[in-house]
Each structure stands twice: as C-alpha cells, then as structure tokens.
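Peer 1: Sharing a structure, written as structure tokens. Questions coming.
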Protein chains: 4
Amino acid sequence: MLVLLKPGTPEPAANDVMTRLRMAGLAVHRTDHAGQARIAAVGDTGSVDWADVATWPGVESTSRLPRPFKLASRAFRPHDTVVQVGRCAIGGPQLAIMAGPCSVEGEEQAFTIAAAVAKAGATVMRGGAYKPRTSPYAFQGLGEEGLKLLRRAADAHGLAVISEVMDTQLVALVARYADILQIGARNMQNYSLLHEVGHTGRPVMIKRGLSSTIEEWLLSAEHVMAQGNQQVLLCERGIRTFETYTRNTLDLNAVPVVKELSHLPVIVDPSHGTGIRDKVAPMARAAIAAGADGLIVEVHHDPDHALSDGPQSLYPEQFAELVGQIRTIADVLGRTV
Amino acid sequence: MLVLLKPGTPEPAANDVMTRLRMAGLAVHRTDHAGQARIAAVGDTGSVDWADVATWPGVESTSRLPRPFKLASRAFRPHDTVVQVGRCAIGGPQLAIMAGPCSVEGEEQAFTIAAAVAKAGATVMRGGAYKPRTSPYAFQGLGEEGLKLLRRAADAHGLAVISEVMDTQLVALVARYADILQIGARNMQNYSLLHEVGHTGRPVMIKRGLSSTIEEWLLSAEHVMAQGNQQVLLCERGIRTFETYTRNTLDLNAVPVVKELSHLPVIVDPSHGTGIRDKVAPMARAAIAAGADGLIVEVHHDPDHALSDGPQSLYPEQFAELVGQIRTIADVLGRTV
Amino acid sequence: MLVLLKPGTPEPAANDVMTRLRMAGLAVHRTDHAGQARIAAVGDTGSVDWADVATWPGVESTSRLPRPFKLASRAFRPHDTVVQVGRCAIGGPQLAIMAGPCSVEGEEQAFTIAAAVAKAGATVMRGGAYKPRTSPYAFQGLGEEGLKLLRRAADAHGLAVISEVMDTQLVALVARYADILQIGARNMQNYSLLHEVGHTGRPVMIKRGLSSTIEEWLLSAEHVMAQGNQQVLLCERGIRTFETYTRNTLDLNAVPVVKELSHLPVIVDPSHGTGIRDKVAPMARAAIAAGADGLIVEVHHDPDHALSDGPQSLYPEQFAELVGQIRTIADVLGRTV
Amino acid sequence: MLVLLKPGTPEPAANDVMTRLRMAGLAVHRTDHAGQARIAAVGDTGSVDWADVATWPGVESTSRLPRPFKLASRAFRPHDTVVQVGRCAIGGPQLAIMAGPCSVEGEEQAFTIAAAVAKAGATVMRGGAYKPRTSPYAFQGLGEEGLKLLRRAADAHGLAVISEVMDTQLVALVARYADILQIGARNMQNYSLLHEVGHTGRPVMIKRGLSSTIEEWLLSAEHVMAQGNQQVLLCERGIRTFETYTRNTLDLNAVPVVKELSHLPVIVDPSHGTGIRDKVAPMARAAIAAGADGLIVEVHHDPDHALSDGPQSLYPEQFAELVGQIRTIADVLGRTV
C-alpha cells in the first residue's frame, strides 16, 4: 500500500504513522517527493483496515500500489533514483559509461585497458574475476587475484569498479574490491544471492535474465530493495529469442518501458546484446537514443587472445570513437557524457 | 555463383558471358560496381564447369555467393540500393519518413492526416485499404474505395503512397493506386504473393514475419528479386518473443545486421514494434541511431476513434516533434530528413 | 452471441428466430446438441437488444460466446466435430493416420509409398505438389502433374488425399484432386486463402503457424468457418522457440488445450515437429497419449534421395512398427486405429 | 578425450593409464561397458600427444568426445545410468513416480498427501521447504521445519524424499533430510550451487532452465559430474515460449533427444509444464509414451487453499487414476510402474 502524508506533516507525526504500520506487521519504506512523504507498506496488507489508516493524523490518502513490485515502482517514488559511485552519479543527467574486459586476465591487460577506457571517457571499469561459464572446462576467472588487479588498475585511472558476484559466500569478498556488485543474467532469479547483496551497502546492478520478463526483472530488484538496499541499477543485455544470427536479441523496448514503470537507472550492454564487434557501436548509439542512463561495454586491446568474449569486444580506438558519437546523441536528449 | 568481369571488358564480351551462362540454364543478373561488371548466375549451378568459365574472355574470376540469398546479398552488389519513389530516394542519404493511419477510414480522415504528416516532413503516406485481421469479425478495410482516398489525399500533399496487398488477385489493383506495395508480416512467406509482386514494376516493402529469422527475411526478398524486380525495401516491425508488456519486441539488432548482409534499404516500424504510443518516439530515435534508412509510423488525429491500432498511433503534434528529434540524430550519422 | 432455443421448439419458430437475427444484420449459424438448437449470431452484435431477443418465442436464453472464436468454440458446439473423408471419420473414435512423402516426385515413388502406407494402416495419403520453399532456387513441386499422380496412387490403394494449397488462384485446381485442402503453417494467417477454401465444400486442415498462439490458430479456423465451411481440422506441427537441436518444438500441450476450447479434430505432425527421423515415433506415440485425433507422418522409401525433408521421413517399416505401437496406446484411451 | 582400453586389460595396466593421464594435468573418469574400460580425460587436452597415448600398453584407441559435455554423454558411457534411491532404481525398467505438494505447509498436509501418493504408487515424495518466489512478499517456505515434516511424512509411508536447495550455504542442511537434491529451473546455471551439490554423495535432479537449450542443460549436469557426483537426474519442466495459454511449453521433444545424447535418466514435470490441472494427466501420459524415465507431479488434497501452485495440483484421486493409465502405457514400452 502507498500512504501519502499531508505536505508539512511534522516528523513526529510521520514517525508515528510508520511505527503504527510496523506494529501491524508490515515492512515500511519512505521516500520524499515534492515536499511530501510517501510511505510504502509491504507484507500482509490484508490484515490492516486501510479506511482507518486514512484517518490517522497526518495521512492524506492511502492507495494500492498497482504492480507486484512496490519499492521499485515509480508509483512509490516518482523521481529518478541517482546512484552515486565514484565520480559518477548514475541516473542523473550524465550518462554512465562502464567499460573494460570481459575477464581480468593479468596485470598488464588490466592496466592497459583501464588507461584506454579512462582516456576515452569511461568512469567505471568492468571486469570479471568470477566467471559463470556454461562449460565446467572453460576458464573460470582469476578469483580474488583478479579483483585485486581490477581495483588497482581502476584506482590508477580514477575509475570506479563493477564486478560480478556469483554466490552468497563471495558477496563480502567481492564487496571489498568492487564499488558495484553485478548480478549476472543467469543469477537474476537466484533469490538467496539477491537477498545477500541486499544486506550490503553496495550498489547492485541486476542484469536481465535471458528469458525474464520486464516484470520479473523489476521483481528481482524488489528482492534486493526489500532488504533495505535501494541502490539498484538495471541492465538490459539481450534476451533469448529464435534469432540466432546475433548472440542475443537486445530488447531496447525495455528501456522506455522500465523508465516509465520504475525510478531505477537503466544501463544497456550492447556487447552481450549483439555478440558481434561491429554491431556494438550502432546498438550503443541506439540505446542512448532510446533513453538509457548508461552503457556497459566490453573493451580489449587484444581481443583475438582474450580468454572470453573476444569476438564482441571493441578495440580501444573503436570505443573512443563510440564515446564521441554518444556525446552528440546525448546532447539531443539533454544529457552529457 | 558470382562472375566478376575484368574492368573495361567491352559490352559485347560481357553480353557473351551472360548469354553463355543463360544457355547453361542459369538465371543471370548483373550489377556494376566501381567500374566492374558483376554477374550473379543462379539456378542449377552444379551442372557448369566453373574452372572453365574462369577462362572465358573478359572473366576475371568466379566465386561462390556464400549465402542462400544471392541477389539480395552485398557480396553480389556491394553498393547500397536506392529506390526512387516520388520525391524520396530511399536508401540514399535522406531518410525516408513514411506516416499515416493504420487504416483509411474516410475522406476527412485521410486528408487531415495527409496534411499533417506532409507538413511535419513525411514524404510517403501509409494507409491500409485491405487489412489482415486476426478475427473474421473485425473491420477488414475499405478496399478499392480506401485506395482511391489514399491516392487523392497523398496527391493533394505531394506524398507518395504505400499500401498493403494481401492476395495475388489484388496485386494489379493495388499497384494502380500505390507507389510501394507492402507485404505484411503475416504474408512474408506467402511465396505466390511474393512472385506476383516480383512481376510488377512497383517497389515492394517486405515486413519481417513475427518469427522469421533475418535469413528467411532476406530469402523472401530474394523471391521477389528472382522474378526481376530489384526494388525491394525491408521493414523491421518487431518479432514475437516471450515478453508481453510490449506488443512485439523490436529487433533493432537486425538493422546493422541487414545493412552488412544486404544492399537493400531497411525501414523500421516503431508503431507495431512497440504497440504503445509513448514508446514509439524513443524507439524511432533508436532505429535511426542504429542506422535505419527510414521509418514508417502510424499517425492519427483522433486515435481514440481509430478503427484499428489507435493505441499505438501518434498524434500529429507528437509526430512533428519526433521528426525534429530525428533530424538531429540523422545529422550525427551524416544523413538528412 | 449464443442463442439457445427451448428443447422441442418447432422448426418454423426456430427459422423465425434465425431470420430475425439475419435481418438485424448478423450472420447466423446453427448446431443441434442434446436435442436443443444452438444458434451463434456473429457480426455487429452491439446493435441488437439481447434482452428483447431473450423474449422471442422459442428462445430459452442468450449469452455471450466468451472467446473471440465463436463457431470454432466448444461453447457453441459442445460435441466433437467429425469430418468424414473416404473411409475415415476424423474426430471420431478411430484415429486418423495420414502418411506419405513430403513432395510427390514421380509415379514410381508415389505408388510405392501409397502401397506401403496403406498396408501399414494409413487411410489418408499426404503429398505436396505445390511446395512453399524458403529459397526461390529449391524444388517447388510438380504442380498439377503431382496432384494427378497423388490421386492415382491413393485411389489404387483406397486412400483419401490431402495436399497443400498455397494460393487463392489454385484452390479450385487442388480441390479437383484432393479430399482435404491443407493450409501450410506459413499461410495460417493468409486470410484471403482461408476465405477461398471456406467457400469450397472440401474439408480443410490448418497447420499452426510457427509463432501462432492457440487463440490465433483457432481464429484462422474461424475465418474458414465464417464462410460456411465447418469441416476444419487443426494440425499441430511444432512452434519456433530458442531450441535449435530439433527443427521445431512440438507443442503437445496444445492438444488437450484445443480439445477443451474447440470441437474441431486435432492432428499432430511429428515429422515437422521434430525434424529428426528417430524422434518421430516417440513423439507420435506421445501425441496419441496426449489425446490427438490423428497423425500426419512423412514416409519415404528412399529418404536419402528425397527432394525435400528426407532426414525426417520414416522408412515404411518404421512407419508400420509405429502404427502397431499407436494401436496399443489408442486402446488405453478407448480409441482404435 | 575418450580412451578405450583393450578388453581384458589387467587392472594395474588400466591404473597406469589413468595415472599417466592425471600426471598430464587431466581429470580422469572411468566407466566400464561391455567388458571394456572407457576413460574420459577432461581438461587441457591440447597439451597431450594423443598419438603417443594410443601406443601405451592396454590402450586400444583414443578419440575426441564430440560434444561439449563429456561425462554426461552417451559416447563416454553407452549404458543407462541407474540412480538408486530408496526402493526405486531411477533409470531402470521401473518408472520413477515422484509426487507431493508444491510446498510443505504443515504436519497434517504432509502426512495426508504422503499417504495418498504412496497408496497410488509413488515411490518418492516431493515437497518444497525453501521456495524460489518471484515476489519477495510471497510465502518463502517453512525452511528446516518443512524438511523435517517432509522426512517424517515420507518415512511413515516408505517414500524417498526430493526437495529443492537454493543456495550453497543450505546444501548440507537439505542433504540431511532429502534423498535427492533438486536444483530448480531458475538455478540451473547457478554454477556455485552445482559445484556444491557435486561435492555431496546425494543424487541431484536438475530442472531445465526456462530458456535453456538441451546442450546447456547437459552442461549443467556436467558441472555436477565433474566434481565427482555421477548420480544426476534431468527434469524437463517446460520452457518459455510466446504461448501464454499454458504456464510453460512442455518440450517433450527433449525426452528422446536427451535419451540419445546422454545416459542420464529423464524425469518430466507435467505440473509446471502445463500449469493447468486438467492438462497434467494427458501430458504425463504423453511423457511416458515419449520415453521418459519417470514423472514428478504436484498433488494436493485441498488445492484451493494451497500456499503455492494450487491450480496445477492434482487431487489424490486424479493422481491415482493417472498412475493407472501410466501403468498400461508403460507396458507398451516394456516398462513397469
């Protein structure tokens, strides 16, 4: 349920409302918008007499939050969430440009790529240390050693760090090195993992599952937010369809849809969304034109020898050229890079 | 097979090569690129000794056309096809903007919308007179009366006309009124119809089937082209996936993929591609940013009373605003509206 | 709308109701079930005062037909439709076994296969004379010559004939030779063609489109039935999904679903539904166990040299063994072969 | 690589081969089939000189295992894997019938259902104690309390227990109570979890992911088997397609495909595969007719009040009737219930 307080309700009265809702067994979340406190009460809402709540001091109105996701919905929080990470305020006017290798492979690789993407305009460095691989016999990532390299390379160039965490037992470890915890597409409905990252103070980026609807994706965000962590980014990375020419089908429709349904920032991954190097730049441009809040792009200086995802990685020069194109399109939409 | 002639081969020698290939039972198509004649020979190519062909006077080399579509492939024709329709050269630097109602409903409707879209910058008017409807009990279109209205409304504002043809027996009739014959998504693999429009001199726009791969789509173009009609446009209008929030999933990946595989122009239909009015403009912008050669957009001055597709039709003012945004993005890509 | 007449209403009164509904501009269809006349009135039902209709002499009640398909729905016609073709009453207790080559290739081929499938227990012979082919350069069928061969081969062994018709202009021709007109999956939403076969007196089998929902499929049946032809069979032949190991994904869920929603017989095509010879028999057994009314199976005595679909064609001995297995499973369900 | 030893190779020689392969850095797995030892060597096989291996004492031949899954492939292990659980040898001639509620809800519920399914012929009881729920606000299961109830109810009726484990940290706990550890569809590519259950001695049943190909599914089995746990069952439970009438599309094609590619038993879940109570029995029959090794079915004595999945749960009487039908179909295939 959504409980709107009257503008100017004194804080003690507001707290009173929240306490009474909590005493009714509900979890209570508050946001303030346009000078008005908005309270989402979630849980077994059927046990509460909402007509009565509407008469409580300070309460202006009560209404059902119309969708299964509550905290993630724009109905609860009308204004855009902005997640502050390093120099970058993701979800604000400046687009978030995240770039780096698929996997961290070694010191020279990490530092070379960090230098290149920082120079081109990225503010966040991506890189996998724990890799979900379809085959048990493929390279599984460097683990903590990879995280250390990633952190050092990023720090050397003033970049924030995003890296994937695959298991509840590794959340604390990854959170020591990464500024943003990435939930991979295969784990989008690994609810134990979503709960665990929901208990950290770290921003979380949730990649859309290969066959997840937009509603399921927002409900995965809700799983994190219901634990108290409101700093969630959503990442469209392509869905699985019958088309096999591209690795996935990048669903850019999802960008304006999510921007309407939710206040959370939307990032697009054109690398996994296409799987083909020379299709990455057109689709990155398209993503920004559709209204995305940022990009996450695989960049490698030597993709032929990359241990994973070489065929979809941009060369540093291609990435720099892409950022230039993005800058102009961003301008059309009143945004910056 | 692709037979390249030596640059400067005299016409009589070139004709000789073509005649000899035809005598071997093959269909022969020629294009000229960078001062060189390129001959596609299709049919039962296994019965010809290609090593021998390579020694014929004027022949530089022979090679297999690597994909199942031959005439539609960029390997056969490296330079972009430009289809001239009215004031618009589709596939050239100027983007093609096609707009109009889903169905032609009457004189006032047709003229009102024609005036609005022409003023906003469209050069082609769309409008259905024969409508493929899932239910036999829904409005099936005004038929020839609709075509007449469409033609008159378009002529009054200097617009070309595109309209759908659903049946072999109606091709001649629709071709009397329309400048471009549209093959709807449901008929993309209606090969009798593709052959029939291939025998006209009219440009043909083939909408991608709901579950058609890019290769199947290009093969449908090939069906038209193999009859001798090379003026084919391709239209991405969304594919069917598991996602139900949007009417279809607009596959913009297909835009750069088709531009690589084929020389044919690619148009995007963000109206059917989303099915939701306020998602049309973001996806139209994205389509152009991804490299599309044009747009086809549903516009209606009174969508609440439209006989079909009201919820996805733009208001004329929204369409005009969209064309303005497109203009700026086109500029980034070195194109114009 | 569904208008139920009182049991025992005299025919003149029943005719009166139908005439008055027709005069209101509606199309009227009647079925009799359990001694009671049931009238479906379709068209612009909003212009009729149904409370008034309910008071007409002989009328017991009026109600909305709840789904978009009316004549195809079990709500209109509660008892199973049985389509009589040659020796076979399709939709009755006896399962319909249709078998034959993908394409008719010549006299010897047609007669050899006809003999084999007749001996094994088939009652209908399948065989394509006009083939919808993805590539314009592939074998397109023998045309009328193929139909003649098919008819003669079938007649020689007491079999009925089913063959595909791809175009409105060929309906009369195909109907001269075939007992059942097949609408292929690619033409499931070719409404001109559906209307044309709806005007013949021939039974029609509609294959489900690759990406058609069950509702759309039943609406295609409705397009035929609304023209007056009630003899419609539905054929599940696999849908397109992300899985590429099999040619299509045979959706056997559709069998019990259609049997609930509609009174029309459901045939299953395990040849196209799998695309792999040694998967045809298991899925044919499964189809019957799920409640299908029959099978259509590709059989070829020399599949390595078949001009189409060799890899999914059964050898005659495999087909004979399959019919034996089907016999036993049919028995479990109270049916016969 | 697959290394075949000569029939009759003495054990010391066989051990020698395995030791030398291990010293080359490979993981080594052995199976014996038809009197012959078959050794799968997996890992960085490129560093070994296989022509040399072929000359080692006792080695008959070496060959590539042709698919990315090795231990799960029939090429490595030609004979069916049989997993012994309680009274049931899953994968042998007797079909495995697993049944029970979606969620364990309380003592009375668990015991009532256990009694009913045992009486009808089930040998394994299913029941969820930890539930993956799309919404964070839905019932998440009783946890360990649920497992205790499930174990007691199953023991009281001589049933084995299968229950889902969702997180690496809960594997040891669930393994204390359950005979078979179930990996849910959403966790099919949660590789940390697959590795953890691979380190237990418990049989594991892997449900196919909603959009997982058959190859990816077998690779998930490989992830478990590569840790040393060969007791893996595969469960087809429906995939996600465009069709929304049913909850999922049960892909029975997968049954004969997996039986060809792999030696692992295949179980089918018609409850999730359809999501509709009266479609469960037809699809259960179809699954057995297609060659499945068993079924897992949701049964509830009071589905209207079930805390999850009521609409797809069979009543006990329906389940008993279904087992009777299965018995007859099994007989056709030379199997028993």
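Starting from 1 in every chain, residues are counted up; chains themselves are A, B, ... following the order of the structure tokens, and ligands are numbered from 1 as listed.
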Just the helix (DSSP H, G or I) stuff from region 69-223 of chain C, please, per backbone DSSP, written as a short mmCIF file (atom, residue, chain, number, x, y, z; two decimals) with N, CA, C and O atoms, in the first residue's frame.

Peer 2:
```
data_model
loop_
_atom_site.label_atom_id
_atom_site.label_comp_id
_atom_site.auth_asym_id
_atom_site.auth_seq_id
_atom_site.Cartn_x
_atom_site.Cartn_y
_atom_site.Cartn_z
N GLU C 107 5.94 -41.12 -60.53
CA GLU C 107 4.94 -42.18 -60.46
C GLU C 107 5.38 -43.33 -59.56
O GLU C 107 4.65 -43.76 -58.68
N GLU C 108 6.60 -43.80 -59.79
CA GLU C 108 7.04 -44.95 -59.01
C GLU C 108 7.08 -44.62 -57.52
O GLU C 108 6.63 -45.40 -56.69
N GLN C 109 7.62 -43.44 -57.22
CA GLN C 109 7.69 -43.03 -55.82
C GLN C 109 6.30 -43.00 -55.20
O GLN C 109 6.07 -43.53 -54.11
N ALA C 110 5.36 -42.37 -55.89
CA ALA C 110 4.03 -42.19 -55.31
C ALA C 110 3.35 -43.54 -55.08
O ALA C 110 2.77 -43.79 -54.02
N PHE C 111 3.43 -44.43 -56.07
CA PHE C 111 2.75 -45.72 -55.94
C PHE C 111 3.43 -46.61 -54.89
O PHE C 111 2.76 -47.32 -54.15
N THR C 112 4.76 -46.57 -54.84
CA THR C 112 5.47 -47.39 -53.85
C THR C 112 5.07 -46.98 -52.44
O THR C 112 4.76 -47.81 -51.58
N ILE C 113 5.07 -45.68 -52.21
CA ILE C 113 4.77 -45.21 -50.85
C ILE C 113 3.29 -45.42 -50.53
O ILE C 113 2.93 -45.80 -49.42
N ALA C 114 2.41 -45.19 -51.51
CA ALA C 114 0.98 -45.41 -51.26
C ALA C 114 0.73 -46.85 -50.83
O ALA C 114 -0.01 -47.10 -49.86
N ALA C 115 1.36 -47.77 -51.53
CA ALA C 115 1.17 -49.19 -51.18
C ALA C 115 1.64 -49.45 -49.76
O ALA C 115 0.95 -50.12 -48.96
N ALA C 116 2.79 -48.89 -49.43
CA ALA C 116 3.37 -49.16 -48.11
C ALA C 116 2.52 -48.58 -46.99
O ALA C 116 2.25 -49.25 -45.99
N VAL C 117 2.08 -47.34 -47.13
CA VAL C 117 1.36 -46.73 -46.01
C VAL C 117 -0.05 -47.32 -45.89
O VAL C 117 -0.58 -47.46 -44.78
N ALA C 118 -0.64 -47.68 -47.03
CA ALA C 118 -1.97 -48.31 -46.97
C ALA C 118 -1.88 -49.64 -46.23
O ALA C 118 -2.69 -49.95 -45.36
N LYS C 119 -0.85 -50.40 -46.57
CA LYS C 119 -0.68 -51.71 -45.93
C LYS C 119 -0.47 -51.56 -44.42
O LYS C 119 -0.95 -52.36 -43.62
N ALA C 120 0.24 -50.52 -44.03
CA ALA C 120 0.54 -50.34 -42.61
C ALA C 120 -0.65 -49.83 -41.82
O ALA C 120 -0.66 -49.90 -40.59
N GLU C 144 0.34 -29.50 -60.97
CA GLU C 144 -0.83 -30.34 -61.25
C GLU C 144 -0.44 -31.78 -61.57
O GLU C 144 -1.14 -32.72 -61.19
N GLU C 145 0.68 -31.95 -62.25
CA GLU C 145 1.15 -33.30 -62.55
C GLU C 145 1.31 -34.10 -61.25
O GLU C 145 0.94 -35.28 -61.18
N GLY C 146 1.84 -33.45 -60.23
CA GLY C 146 1.99 -34.11 -58.94
C GLY C 146 0.64 -34.49 -58.33
O GLY C 146 0.48 -35.58 -57.76
N LEU C 147 -0.31 -33.59 -58.45
CA LEU C 147 -1.65 -33.90 -57.91
C LEU C 147 -2.27 -35.11 -58.59
O LEU C 147 -2.90 -35.96 -57.94
N LYS C 148 -2.09 -35.18 -59.91
CA LYS C 148 -2.65 -36.31 -60.64
C LYS C 148 -2.04 -37.63 -60.17
O LYS C 148 -2.74 -38.62 -59.94
N LEU C 149 -0.72 -37.62 -60.02
CA LEU C 149 -0.05 -38.84 -59.56
C LEU C 149 -0.52 -39.22 -58.17
O LEU C 149 -0.77 -40.39 -57.86
N LEU C 150 -0.63 -38.23 -57.32
CA LEU C 150 -1.04 -38.47 -55.94
C LEU C 150 -2.42 -39.11 -55.90
O LEU C 150 -2.67 -40.09 -55.20
N ARG C 151 -3.34 -38.55 -56.71
CA ARG C 151 -4.71 -39.05 -56.76
C ARG C 151 -4.73 -40.51 -57.24
O ARG C 151 -5.39 -41.36 -56.64
N ARG C 152 -4.00 -40.76 -58.31
CA ARG C 152 -4.00 -42.12 -58.85
C ARG C 152 -3.39 -43.12 -57.87
O ARG C 152 -3.91 -44.21 -57.67
N ALA C 153 -2.28 -42.73 -57.26
CA ALA C 153 -1.62 -43.63 -56.31
C ALA C 153 -2.53 -43.91 -55.13
O ALA C 153 -2.65 -45.05 -54.65
N ALA C 154 -3.19 -42.86 -54.64
CA ALA C 154 -4.08 -43.03 -53.49
C ALA C 154 -5.27 -43.91 -53.87
O ALA C 154 -5.63 -44.84 -53.13
N ASP C 155 -5.86 -43.62 -55.02
CA ASP C 155 -7.03 -44.40 -55.45
C ASP C 155 -6.68 -45.87 -55.58
O ASP C 155 -7.48 -46.76 -55.24
N ALA C 156 -5.48 -46.15 -56.07
CA ALA C 156 -5.08 -47.54 -56.28
C ALA C 156 -5.06 -48.31 -54.97
O ALA C 156 -5.10 -49.54 -54.96
N THR C 168 -4.86 -18.46 -53.56
CA THR C 168 -6.29 -18.41 -53.88
C THR C 168 -6.56 -18.90 -55.30
O THR C 168 -7.57 -19.55 -55.54
N GLN C 169 -5.63 -18.60 -56.21
CA GLN C 169 -5.89 -18.94 -57.60
C GLN C 169 -5.76 -20.43 -57.89
O GLN C 169 -6.09 -20.89 -58.98
N LEU C 170 -5.24 -21.18 -56.90
CA LEU C 170 -5.06 -22.62 -57.12
C LEU C 170 -6.05 -23.46 -56.34
O LEU C 170 -6.03 -24.69 -56.44
N VAL C 171 -6.94 -22.83 -55.58
CA VAL C 171 -7.84 -23.59 -54.72
C VAL C 171 -8.71 -24.54 -55.54
O VAL C 171 -8.83 -25.74 -55.21
N ALA C 172 -9.30 -24.04 -56.61
CA ALA C 172 -10.20 -24.88 -57.39
C ALA C 172 -9.45 -26.06 -57.99
O ALA C 172 -9.94 -27.20 -57.99
N LEU C 173 -8.25 -25.79 -58.46
CA LEU C 173 -7.44 -26.86 -59.04
C LEU C 173 -7.11 -27.94 -58.02
O LEU C 173 -7.32 -29.14 -58.25
N VAL C 174 -6.59 -27.55 -56.89
CA VAL C 174 -6.21 -28.54 -55.87
C VAL C 174 -7.45 -29.31 -55.40
O VAL C 174 -7.40 -30.52 -55.17
N ALA C 175 -8.57 -28.59 -55.29
CA ALA C 175 -9.80 -29.25 -54.82
C ALA C 175 -10.30 -30.30 -55.80
O ALA C 175 -11.09 -31.16 -55.44
N ARG C 176 -9.86 -30.22 -57.05
CA ARG C 176 -10.25 -31.25 -58.01
C ARG C 176 -9.62 -32.59 -57.68
O ARG C 176 -10.18 -33.64 -57.99
N TYR C 177 -8.45 -32.56 -57.08
CA TYR C 177 -7.70 -33.79 -56.83
C TYR C 177 -7.67 -34.23 -55.37
O TYR C 177 -7.54 -35.39 -55.08
N ALA C 185 1.71 -23.97 -42.58
CA ALA C 185 1.99 -23.12 -41.43
C ALA C 185 2.29 -21.68 -41.84
O ALA C 185 1.86 -20.73 -41.18
N ARG C 186 3.01 -21.50 -42.94
CA ARG C 186 3.38 -20.15 -43.37
C ARG C 186 2.17 -19.34 -43.84
O ARG C 186 2.23 -18.13 -43.95
N ASN C 187 1.10 -20.04 -44.22
CA ASN C 187 -0.10 -19.37 -44.72
C ASN C 187 -1.23 -19.36 -43.70
O ASN C 187 -2.36 -19.02 -44.04
N TYR C 191 -5.31 -14.60 -44.96
CA TYR C 191 -6.77 -14.61 -44.78
C TYR C 191 -7.50 -14.74 -46.12
O TYR C 191 -8.57 -15.32 -46.18
N SER C 192 -6.94 -14.21 -47.18
CA SER C 192 -7.57 -14.38 -48.49
C SER C 192 -7.68 -15.86 -48.82
O SER C 192 -8.72 -16.33 -49.31
N LEU C 193 -6.64 -16.59 -48.54
CA LEU C 193 -6.64 -18.02 -48.82
C LEU C 193 -7.64 -18.75 -47.92
O LEU C 193 -8.38 -19.63 -48.37
N LEU C 194 -7.68 -18.36 -46.65
CA LEU C 194 -8.64 -19.00 -45.74
C LEU C 194 -10.07 -18.77 -46.21
O LEU C 194 -10.91 -19.66 -46.15
N HIS C 195 -10.34 -17.55 -46.69
CA HIS C 195 -11.69 -17.27 -47.18
C HIS C 195 -12.00 -18.12 -48.40
O HIS C 195 -13.09 -18.67 -48.53
N GLU C 196 -11.02 -18.25 -49.29
CA GLU C 196 -11.25 -19.01 -50.51
C GLU C 196 -11.56 -20.48 -50.21
O GLU C 196 -12.51 -21.04 -50.77
N VAL C 197 -10.78 -21.10 -49.34
CA VAL C 197 -11.07 -22.51 -49.03
C VAL C 197 -12.37 -22.62 -48.23
O VAL C 197 -13.03 -23.67 -48.27
N GLY C 198 -12.74 -21.55 -47.57
CA GLY C 198 -14.01 -21.56 -46.84
C GLY C 198 -15.21 -21.59 -47.77
O GLY C 198 -16.31 -21.94 -47.36
N ILE C 214 -2.37 -20.37 -29.72
CA ILE C 214 -3.52 -21.26 -29.90
C ILE C 214 -4.75 -20.45 -30.28
O ILE C 214 -5.54 -20.85 -31.12
N GLU C 215 -4.90 -19.27 -29.69
CA GLU C 215 -6.06 -18.44 -30.00
C GLU C 215 -6.04 -17.96 -31.45
O GLU C 215 -7.06 -17.99 -32.13
N GLU C 216 -4.87 -17.55 -31.92
CA GLU C 216 -4.78 -17.13 -33.32
C GLU C 216 -5.09 -18.27 -34.28
O GLU C 216 -5.69 -18.08 -35.34
N TRP C 217 -4.66 -19.45 -33.89
CA TRP C 217 -4.88 -20.64 -34.72
C TRP C 217 -6.38 -20.93 -34.83
O TRP C 217 -6.91 -21.16 -35.92
N LEU C 218 -7.05 -20.86 -33.70
CA LEU C 218 -8.50 -21.09 -33.72
C LEU C 218 -9.21 -19.98 -34.47
O LEU C 218 -10.24 -20.21 -35.11
N LEU C 219 -8.67 -18.77 -34.43
CA LEU C 219 -9.28 -17.68 -35.21
C LEU C 219 -9.08 -17.90 -36.71
O LEU C 219 -9.92 -17.48 -37.52
N SER C 220 -8.01 -18.56 -37.09
CA SER C 220 -7.86 -18.90 -38.51
C SER C 220 -8.91 -19.92 -38.92
O SER C 220 -9.47 -19.84 -40.01
N ALA C 221 -9.18 -20.88 -38.03
CA ALA C 221 -10.29 -21.81 -38.30
C ALA C 221 -11.59 -21.03 -38.43
O ALA C 221 -12.41 -21.29 -39.32
N GLU C 222 -11.76 -20.04 -37.58
CA GLU C 222 -12.99 -19.23 -37.60
C GLU C 222 -13.13 -18.50 -38.94
O GLU C 222 -14.24 -18.38 -39.46
N HIS C 223 -12.00 -18.04 -39.49
CA HIS C 223 -12.06 -17.38 -40.81
C HIS C 223 -12.65 -18.33 -41.86
O HIS C 223 -13.44 -17.91 -42.71
#
```

Peer 1: Using only C-alpha atoms, which chain B residues lie at most 12 Å away from chain D, written as a list in words?

Peer 2: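 Matching residues, ligands excluded from the count: Leu210, Ser211, Ile239, Arg240, Thr241, Phe242, Glu243, Thr244, Arg247, Asn248 and Thr249 of chain B.
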
Peer 1: Name the residues of region 20-245 of chain C that fall into strand (DSSP E or B) according to DSSP on the backbone, using the chain letters and numbers of this document, as a ChimeraX atom specification.

Peer 2: /C:27-33,36-42,59-63,73,83-85,88-90,94,96-100,103,124-126,128,160-164,180-183,204-207,232-236,239

Peer 1: I want to know what sits within 8 Å of Pro282 (chain A), based on only C-alpha atoms, with residues of the same chain fewer than 2 positions away left out; could you give that as a compact mmCIF listing (two decimals) with C-alpha atoms, in the first residue's frame?

Peer 2:
```
# COMPACT_ATOMS: atom_id res chain seq x y z
CA ASP A 278 30.86 -4.22 -35.37
CA LYS A 279 27.25 -4.27 -34.16
CA VAL A 280 28.19 -2.91 -30.71
CA ALA A 284 25.13 1.55 -28.16
CA ARG A 285 24.02 4.65 -30.04
CA ALA A 286 20.50 3.27 -30.29
CA PRO B 256 23.08 -3.21 -38.64
CA ALA B 289 20.74 5.86 -34.35
CA ALA B 290 21.19 2.17 -35.22
CA GLY B 291 21.47 3.05 -38.90
```

Peer 1: Which residues, written as an NGL selection string, have at least one atom at most 10 Å from Lys259 (chain C), with only C-alpha atoms counted and residues fewer than 3 positions away on the same chain left out?

Peer 2: :C and (73-74 or 80 or 254-256 or 262-266 or 291-293)

Peer 1: Any idea what's packed within 7 Å of region 269-277 of chain A, counting only C-alpha atoms, ignoring anything in its chain fewer than 6 positions away? Could you give it as a PyMOL selection string?

Peer 2: (chain A and resi 235-238+246-250+283-284+295-298+311-314) or (chain B and resi 253)

Peer 1: So which one's closest to Gly158 (chain C), C:Thr123, C:Gln189, C:Pro7, C:Ala75? Using only C-alpha atoms, please.

Peer 2: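 Of C:Thr123, C:Gln189, C:Pro7, C:Ala75, the one nearest Gly158 (chain C), counting only C-alpha atoms, is C:Thr123.
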